[in-house]
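File shown: protein-v3.tsv. Contents: TSV, C-alpha atoms and all ligand atoms.
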```
chain	number	residue	atom	x	y	z
A	7	MET	CA	-2.23	0.08	24.51
A	8	ILE	CA	1.52	-0.17	24.03
A	9	ILE	CA	3.06	-3.64	24.14
A	10	ALA	CA	6.84	-3.64	24.58
A	11	ILE	CA	8.86	-6.73	23.71
A	12	ASP	CA	12.55	-6.58	24.51
A	13	GLY	CA	15.31	-9.15	24.56
A	14	PRO	CA	18.53	-10.24	22.89
A	15	ALA	CA	18.97	-11.14	19.22
A	16	GLY	CA	17.28	-14.38	18.21
A	17	SER	CA	15.03	-14.62	21.27
A	18	GLY	CA	11.97	-14.66	19.01
A	19	LYS	CA	10.85	-11.08	19.66
A	20	SER	CA	10.12	-9.97	16.14
A	21	THR	CA	8.43	-13.19	14.96
A	22	VAL	CA	6.14	-13.23	17.98
A	23	ALA	CA	5.60	-9.45	17.94
A	24	LYS	CA	4.37	-9.68	14.33
A	25	LEU	CA	1.97	-12.52	15.20
A	26	VAL	CA	0.63	-10.69	18.24
A	27	ALA	CA	0.23	-7.45	16.27
A	28	THR	CA	-1.67	-9.28	13.53
A	29	ARG	CA	-3.97	-11.03	16.02
A	30	LEU	CA	-4.73	-7.79	17.87
A	31	ASN	CA	-4.84	-5.70	14.72
A	32	TYR	CA	-2.13	-3.45	16.17
A	33	ARG	CA	0.76	-1.85	14.34
A	34	TYR	CA	4.13	-3.57	14.58
A	35	ILE	CA	7.27	-1.45	14.93
A	36	ASP	CA	10.69	-3.06	14.63
A	37	THR	CA	13.06	-0.58	16.32
A	38	GLY	CA	16.11	-2.70	15.42
A	39	ALA	CA	15.31	-1.91	11.79
A	40	MET	CA	15.80	1.78	12.60
A	41	TYR	CA	19.34	1.23	13.92
A	42	ARG	CA	19.97	-1.05	10.97
A	43	THR	CA	18.76	1.66	8.58
A	44	VAL	CA	21.33	4.13	9.96
A	45	ALA	CA	24.12	1.57	9.40
A	46	TRP	CA	22.83	0.53	5.98
A	47	THR	CA	22.57	4.13	4.76
A	48	ALA	CA	26.06	4.93	6.07
A	49	GLN	CA	27.53	1.84	4.43
A	50	LYS	CA	25.88	2.73	1.10
A	51	LYS	CA	27.29	6.25	1.29
A	52	GLY	CA	30.73	4.99	2.33
A	53	LEU	CA	30.61	6.93	5.61
A	54	ARG	CA	32.52	5.91	8.72
A	55	LEU	CA	30.22	4.35	11.33
A	56	ALA	CA	32.36	5.91	14.05
A	57	ASP	CA	31.44	9.39	12.77
A	58	GLU	CA	28.66	10.05	15.28
A	59	THR	CA	27.72	13.43	13.83
A	60	ALA	CA	27.18	11.90	10.39
A	61	MET	CA	25.25	8.95	11.90
A	62	ALA	CA	23.02	11.34	13.84
A	63	GLU	CA	22.28	13.23	10.64
A	64	ILE	CA	21.23	10.01	8.92
A	65	ALA	CA	19.01	9.17	11.91
A	66	ARG	CA	17.42	12.63	11.78
A	67	ASP	CA	16.74	12.39	8.03
A	68	MET	CA	15.39	8.85	8.26
A	69	ASP	CA	12.23	8.21	6.29
A	70	ILE	CA	11.03	4.80	7.43
A	71	GLU	CA	7.65	3.10	7.33
A	72	PHE	CA	6.49	-0.18	8.79
A	73	VAL	CA	3.92	-1.71	6.52
A	74	ARG	CA	1.70	-4.74	6.97
A	75	GLY	CA	1.76	-6.95	3.91
A	76	GLY	CA	4.12	-7.20	0.98
A	77	GLY	CA	7.82	-6.90	1.42
A	78	ASP	CA	10.64	-9.17	0.36
A	79	GLY	CA	11.08	-10.59	3.90
A	80	GLY	CA	8.26	-13.07	3.30
A	81	ASP	CA	6.62	-12.79	6.73
A	82	GLY	CA	3.80	-10.40	5.97
A	83	TYR	CA	5.51	-7.25	7.21
A	84	SER	CA	7.83	-4.91	5.42
A	85	VAL	CA	10.12	-2.03	6.14
A	86	ARG	CA	10.19	0.77	3.60
A	87	VAL	CA	13.09	3.20	3.60
A	88	ARG	CA	12.47	6.29	1.44
A	89	GLY	CA	9.60	4.39	-0.15
A	90	GLU	CA	11.81	1.45	-1.12
A	91	ASP	CA	11.33	-2.08	0.28
A	92	ALA	CA	14.42	-2.70	2.41
A	93	THR	CA	13.16	-5.62	4.55
A	94	LEU	CA	15.64	-8.21	3.36
A	95	ARG	CA	18.61	-5.90	2.90
A	96	LEU	CA	18.34	-4.73	6.50
A	97	LYS	CA	18.70	-8.33	7.74
A	98	ASN	CA	22.18	-8.60	6.23
A	99	GLU	CA	24.88	-9.49	8.82
A	100	THR	CA	27.15	-6.60	7.80
A	101	VAL	CA	24.26	-4.23	8.39
A	102	GLY	CA	23.57	-5.96	11.74
A	103	LYS	CA	27.18	-5.46	12.85
A	104	GLY	CA	27.03	-1.81	11.83
A	105	ALA	CA	23.74	-1.39	13.70
A	106	ALA	CA	25.39	-2.52	16.96
A	107	VAL	CA	28.02	0.22	16.47
A	108	VAL	CA	25.56	3.07	15.83
A	109	ALA	CA	23.21	1.80	18.57
A	110	ALA	CA	25.94	2.65	21.09
A	111	GLN	CA	25.99	6.32	20.01
A	112	LYS	CA	24.13	8.71	22.31
A	113	SER	CA	22.92	11.18	19.69
A	114	VAL	CA	21.68	8.41	17.39
A	115	ARG	CA	19.73	6.84	20.27
A	116	GLU	CA	18.22	10.16	21.32
A	117	ILE	CA	16.96	10.86	17.82
A	118	LEU	CA	15.60	7.35	17.23
A	119	VAL	CA	13.96	7.11	20.67
A	120	ALA	CA	12.16	10.41	19.95
A	121	LYS	CA	10.95	9.00	16.62
A	122	GLN	CA	9.81	5.78	18.33
A	123	ARG	CA	7.84	7.74	20.93
A	124	GLN	CA	6.26	9.77	18.14
A	125	ILE	CA	5.27	6.60	16.26
A	126	GLY	CA	3.88	5.00	19.42
A	127	LYS	CA	1.91	8.05	20.51
A	128	ALA	CA	-1.18	6.96	18.59
A	129	GLY	CA	-1.22	3.75	20.69
A	130	ASN	CA	-2.21	0.22	19.76
A	131	VAL	CA	1.28	-0.77	18.85
A	132	VAL	CA	3.57	-3.72	19.44
A	133	MET	CA	7.14	-2.45	19.53
A	134	ASP	CA	10.20	-4.66	19.82
A	135	GLY	CA	13.79	-3.79	20.63
A	136	ARG	CA	16.21	-3.66	23.56
A	137	ASP	CA	15.08	-0.62	25.54
A	138	ILE	CA	11.37	-0.25	24.82
A	139	GLY	CA	10.18	-1.15	28.32
A	140	THR	CA	13.00	0.69	30.08
A	141	VAL	CA	13.60	3.87	28.06
A	142	VAL	CA	11.23	4.39	25.13
A	143	PHE	CA	7.97	3.55	26.91
A	144	PRO	CA	8.69	2.94	30.62
A	145	HIS	CA	4.94	3.24	31.21
A	146	ALA	CA	3.92	0.74	28.53
A	147	GLU	CA	0.83	-1.17	29.63
A	148	LYS	CA	2.47	-4.48	28.95
A	149	LYS	CA	6.15	-5.43	28.84
A	150	PHE	CA	7.78	-8.69	27.93
A	151	PHE	CA	11.43	-9.66	28.04
A	152	PHE	CA	12.34	-12.70	25.96
A	153	VAL	CA	15.39	-14.82	26.65
A	154	ALA	CA	16.72	-18.05	25.08
A	155	ASP	CA	19.96	-20.07	25.11
A	156	ALA	CA	22.63	-18.69	22.76
A	157	GLU	CA	22.88	-22.02	20.85
A	158	GLU	CA	19.16	-21.99	20.14
A	159	ARG	CA	19.22	-18.33	19.12
A	160	GLY	CA	22.17	-18.97	16.81
A	161	ARG	CA	20.32	-21.90	15.27
A	162	ARG	CA	17.20	-19.77	14.69
A	163	ARG	CA	19.20	-16.99	13.03
A	164	TYR	CA	20.95	-19.61	10.89
A	165	GLU	CA	17.66	-21.16	9.76
A	166	GLU	CA	16.17	-17.75	9.05
A	167	LEU	CA	19.11	-16.60	6.96
A	168	LYS	CA	19.46	-19.98	5.25
A	169	SER	CA	15.85	-19.80	4.08
A	170	LYS	CA	16.78	-16.48	2.47
A	171	ASN	CA	20.14	-17.73	1.17
A	172	LEU	CA	21.94	-15.11	3.22
A	173	SER	CA	24.43	-16.99	5.40
A	174	LEU	CA	25.37	-20.58	6.17
A	175	ASP	CA	27.79	-20.71	9.09
A	176	LEU	CA	26.04	-22.03	12.24
A	177	GLN	CA	29.01	-21.85	14.64
A	178	GLY	CA	29.80	-18.39	13.34
A	179	MET	CA	26.19	-17.35	13.99
A	180	ILE	CA	26.30	-18.59	17.61
A	181	GLN	CA	29.54	-16.75	18.21
A	182	GLU	CA	28.10	-13.66	16.56
A	183	ILE	CA	25.03	-13.84	18.83
A	184	ARG	CA	27.23	-14.09	21.94
A	185	GLN	CA	29.33	-11.15	20.84
A	186	ARG	CA	26.27	-9.04	20.01
A	187	ASP	CA	24.75	-9.88	23.43
A	188	GLY	CA	27.90	-8.68	25.13
A	189	GLU	CA	27.96	-5.45	23.13
A	190	ASP	CA	24.26	-4.75	23.77
A	191	ARG	CA	24.52	-5.54	27.49
A	192	ARG	CA	27.77	-3.71	28.19
A	193	ARG	CA	27.19	-0.50	26.27
A	194	LYS	CA	26.98	2.59	28.46
A	195	ILE	CA	23.79	4.07	27.00
A	196	SER	CA	20.55	2.10	27.22
A	197	PRO	CA	22.15	-1.31	27.67
A	198	LEU	CA	20.01	-4.38	27.19
A	199	VAL	CA	18.33	-4.76	30.58
A	200	MET	CA	15.02	-6.09	31.76
A	201	ALA	CA	12.53	-3.64	33.27
A	202	ASP	CA	11.57	-5.17	36.57
A	203	ASP	CA	7.88	-4.92	35.75
A	204	ALA	CA	8.41	-6.94	32.56
A	205	VAL	CA	7.23	-10.52	32.15
A	206	LYS	CA	10.23	-12.72	31.44
A	207	VAL	CA	9.66	-15.44	28.85
A	208	ASN	CA	12.24	-18.15	28.17
A	209	THR	CA	11.51	-19.14	24.58
A	210	THR	CA	14.28	-21.79	24.21
A	211	ARG	CA	11.96	-24.78	24.12
A	212	LEU	CA	8.76	-23.10	23.01
A	213	SER	CA	7.30	-22.83	19.53
A	214	ILE	CA	6.43	-19.45	18.07
A	215	GLU	CA	2.74	-20.29	18.47
A	216	GLU	CA	3.20	-21.22	22.13
A	217	VAL	CA	5.01	-17.97	22.90
A	218	ALA	CA	2.41	-15.90	21.02
A	219	GLU	CA	-0.42	-17.66	22.89
A	220	TYR	CA	1.29	-16.99	26.20
A	221	VAL	CA	1.77	-13.31	25.36
A	222	LEU	CA	-1.84	-12.89	24.20
A	223	LYS	CA	-3.19	-14.60	27.33
A	224	ASN	CA	-1.04	-12.39	29.48
A	225	ILE	CA	-2.29	-9.27	27.69
A	226	ASN	CA	-5.88	-10.32	28.24
A	227	ASN	CA	-5.23	-10.62	31.98
A	228	LEU	CA	-3.83	-7.10	31.98
A	229	ASP	CA	-3.50	-5.57	35.41
A	230	THR	CA	-4.16	-1.89	34.87
A	231	THR	CA	-3.09	-0.69	38.32
A	232	LYS	CA	-0.22	1.79	38.08
A	233	LYS	CA	3.12	0.19	38.79
A	234	LYS	CA	6.23	1.89	40.06
A	235	VAL	CA	8.69	1.80	37.21
A	236	ARG	CA	12.22	0.82	38.08
A	237	ILE	CA	15.01	-0.54	35.96
A	238	SER	CA	17.06	-3.60	36.79
A	239	ARG	CA	20.15	-5.12	35.28
A	240	LEU	CA	19.88	-8.72	34.07
A	301	LIG	O1	17.16	-6.57	16.83
A	301	LIG	P1	18.17	-6.22	15.77
A	301	LIG	O2	19.21	-7.29	15.59
A	301	LIG	O3	17.53	-5.84	14.47
A	301	LIG	O4	18.93	-4.91	16.30
A	301	LIG	C1	20.02	-4.36	15.61
A	301	LIG	C2	20.96	-3.67	16.59
A	301	LIG	O5	20.33	-2.52	17.14
A	301	LIG	C3	21.42	-4.53	17.77
A	301	LIG	O6	22.80	-4.35	17.99
A	301	LIG	C4	20.66	-3.99	18.95
A	301	LIG	C5	20.35	-2.57	18.57
A	301	LIG	N1	19.06	-2.11	19.07
A	301	LIG	C6	19.06	-1.28	20.16
A	301	LIG	O7	20.12	-0.96	20.68
A	301	LIG	N2	17.88	-0.79	20.62
A	301	LIG	C7	16.72	-1.15	20.07
A	301	LIG	N3	15.58	-0.65	20.56
A	301	LIG	C8	16.70	-2.03	18.97
A	301	LIG	C9	17.91	-2.51	18.50
```

Rewrite the coordinates I just gave you, this time as C-alpha cells.
Ligand code: DC
Amino acid sequence: MIIAIDGPAGSGKSTVAKLVATRLNYRYIDTGAMYRTVAWTAQKKGLRLADETAMAEIARDMDIEFVRGGGDGGDGYSVRVRGEDATLRLKNETVGKGAAVVAAQKSVREILVAKQRQIGKAGNVVMDGRDIGTVVFPHAEKKFFFVADAEERGRRRYEELKSKNLSLDLQGMIQEIRQRDGEDRRRKISPLVMADDAVKVNTTRLSIEEVAEYVLKNINNLDTTKKKVRISRL
C-alpha cells in the first residue's frame, strides 16, 4: 500500500508520516528532503540555483537513502546523502529557500518524481510532499492532505528549529511560511493542490498523536473500490 501525505510546510506531515510508518512498519520517504538535497549540493558547490541544467544534473546524480534509526535529527529517522548523515543540515532555512527555487524547475521535478516512483514501487511506503497524491502516485491507496493555520505552522517550525538551535525568529518564521505557501501554490509545475480523493485533515488544534490516530483509523477503514482520479485546486 502507498500512503500519500501532502500539504504545506509545517502542517505536521513529516512528524505524523514518521509515526504512521513506524506503527505500520512501512518505509518513510521525505520527498522534500530530495528537493532540499539538490539545493544543498548546489550551495556547497557554489552553483547558481537558477541554472536548471546544473540542478537537473545534481538531481540525476543524487544518492539518497531514507533510514530508520540514527541520524542527527533526533526523531528516529535519518536522511543519508552519499552515505553521510545530512538530516539536520537539510533542515537549514537557507537550504529550504533554495529547495523552493529548484522545486519550481521542470527537469528537476521530472527526475525526482521518477526516483520517487522507483522508490515507491516496492510498496508499503508512507511518502510525504506536495504532489504525491496528484502527480507521483495518483493511484495511491490512501491520500491525506494536511492543512493548518499559518501562525500555528510558523510556531511549530520555530519550536522545531529552536530545539535544534537553528533559528529563533517567530514572526520571521510565520512570514517565511506564508511566502513558501504562495510559492508552492502558484508555481506552474505541480503546484501544491489537494487531490479531490484525498482526506483533508486540519491539524491546527490537534496533537501529533491525535492526527496519527486519525490517519491510522482511516487507513484501517480503507475503501478499496477504484476511484476516478481528478485533481482540484485548493
Ligand atoms: O517539505 P519541505 O519544506 O522539506 O520541502 C522543501 C521544498 O520542496 C518546498 O518548497 C516544497 C518543495 N517540495 C515539492 O515541491 N514537492 C514535494 N513533493 C516535496 C517538496

Would you kindly return, as number ranges by chain, each protein, DNA or RNA residue with an atom no farther than 8 Å from any atom of segment 40-49 of chain A, considering only C-alpha atoms and excluding same-chain residues fewer than 3 positions away?
A: 36-37, 52-55, 61, 64-65, 68, 70, 87, 96, 101-102, 104-106, 108-109, 118

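Comparing A:Gly126, A:Pro14, A:Gly135, A:Gly188 by their smallest distance to ligand LIG 301 (chain A), the closest is A:Gly135 (using all atoms listed in the file).
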
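We find atom CA of Glu166 of chain A and atom CA of Lys24 of chain A to be spaced 15.2 Å apart.
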
From the options A:Leu176, A:Ala218, A:Ala110, A:Ile35, which residue's atoms come nearest to Ile125 of chain A, counting all atoms listed in the file?
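Closest to Ile125 of chain A, using all atoms listed in the file: A:Ile35.
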
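Between Val26 of chain A and the residues A:Ala10, A:Asp91, A:Phe143, A:Glu58, the shortest atom-to-atom distance, using all atoms listed in the file, involves A:Ala10.
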
Provide the atom CA of Ala156 of chain A to atom O4 of ligand LIG 301 (chain A) distance in Å, to one decimal place.
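Atom-to-atom, atom CA of Ala156 of chain A to atom O4 of ligand LIG 301 (chain A), that is 15.7 Å.
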
Please provide as a ChimeraX atom specification all residues within 10 Å of Val217 of chain A, with the sequence filter that same-chain residues fewer than 2 positions apart are discarded (counting only C-alpha atoms).
/A:18-19,21-23,25-26,152,207-209,211-215,219-223

Hey, can you spit out that residue selection with C-alpha atoms as a PDB file, keeping the file's coordinate frame?
```pdb
ATOM      1  CA  GLY A  18      11.970 -14.660  19.010  1.00  0.00           C
ATOM      2  CA  LYS A  19      10.850 -11.080  19.660  1.00  0.00           C
ATOM      3  CA  THR A  21       8.430 -13.190  14.960  1.00  0.00           C
ATOM      4  CA  VAL A  22       6.140 -13.230  17.980  1.00  0.00           C
ATOM      5  CA  ALA A  23       5.600  -9.450  17.940  1.00  0.00           C
ATOM      6  CA  LEU A  25       1.970 -12.520  15.200  1.00  0.00           C
ATOM      7  CA  VAL A  26       0.630 -10.690  18.240  1.00  0.00           C
ATOM      8  CA  PHE A 152      12.340 -12.700  25.960  1.00  0.00           C
ATOM      9  CA  VAL A 207       9.660 -15.440  28.850  1.00  0.00           C
ATOM     10  CA  ASN A 208      12.240 -18.150  28.170  1.00  0.00           C
ATOM     11  CA  THR A 209      11.510 -19.140  24.580  1.00  0.00           C
ATOM     12  CA  ARG A 211      11.960 -24.780  24.120  1.00  0.00           C
ATOM     13  CA  LEU A 212       8.760 -23.100  23.010  1.00  0.00           C
ATOM     14  CA  SER A 213       7.300 -22.830  19.530  1.00  0.00           C
ATOM     15  CA  ILE A 214       6.430 -19.450  18.070  1.00  0.00           C
ATOM     16  CA  GLU A 215       2.740 -20.290  18.470  1.00  0.00           C
ATOM     17  CA  GLU A 219      -0.420 -17.660  22.890  1.00  0.00           C
ATOM     18  CA  TYR A 220       1.290 -16.990  26.200  1.00  0.00           C
ATOM     19  CA  VAL A 221       1.770 -13.310  25.360  1.00  0.00           C
ATOM     20  CA  LEU A 222      -1.840 -12.890  24.200  1.00  0.00           C
ATOM     21  CA  LYS A 223      -3.190 -14.600  27.330  1.00  0.00           C
TER      22      LYS A 223
END
```

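Between atom CA of Ala60 of chain A and atom CA of Gln111 of chain A the separation is 11.2 Å.
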
Which neighbours of Ile180 of chain A fall inside 9 Å, counting only C-alpha atoms, when residues of the same chain fewer than 2 positions from it are skipped, and could you give them as a PyMOL selection string?
chain A and resi 156-161+163-164+175-178+182-185

Distance criterion (all atoms listed in the file): nearest to ligand LIG 301 (chain A) out of A:Asp155, A:Glu71, A:Asp12, A:Glu165:
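Nearest to ligand LIG 301 (chain A): A:Asp12.
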
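Compared by their closest atoms to Ile8 of chain A, and using only C-alpha atoms, the residues A:Asn130, A:Asn98, A:Gln181, A:Asn227 rank with A:Asn130 nearest.
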
Check the smallest atom-to-atom distance from each of A:Asp190, A:Asp203, A:Glu90, A:Glu116 to Arg136 of chain A using only C-alpha atoms, then report the winner.
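Residue with the minimum atom-to-atom distance to Arg136 of chain A: A:Asp190.
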
Mind checking which residues fall within 8 Å of Lys148 of chain A, counting all atoms listed in the file, ignoring those fewer than 3 positions away in the same chain, and posting them as an MDAnalysis selection string?
chainID A and resid 7:10 204 225 228

Those same residues, written as a PDB file, in the coordinates of the input with C-alpha atoms?
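out09.pdb, written as the output of this step:
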```
ATOM      1  CA  MET A   7      -2.230   0.080  24.510  1.00  0.00           C
ATOM      2  CA  ILE A   8       1.520  -0.170  24.030  1.00  0.00           C
ATOM      3  CA  ILE A   9       3.060  -3.640  24.140  1.00  0.00           C
ATOM      4  CA  ALA A  10       6.840  -3.640  24.580  1.00  0.00           C
ATOM      5  CA  ALA A 204       8.410  -6.940  32.560  1.00  0.00           C
ATOM      6  CA  ILE A 225      -2.290  -9.270  27.690  1.00  0.00           C
ATOM      7  CA  LEU A 228      -3.830  -7.100  31.980  1.00  0.00           C
TER       8      LEU A 228
END
```

Taking all listed atoms of ligand LIG 301 (chain A), build the axis-aligned box, pad each of the six sides by 3 Å, then write its centre and edge lengths in Å to one decimal as AutoDock Vina command-line options.
```
--center_x 19.2 --center_y -4.0 --center_z 17.6 --size_x 13.2 --size_y 12.6 --size_z 12.2
```
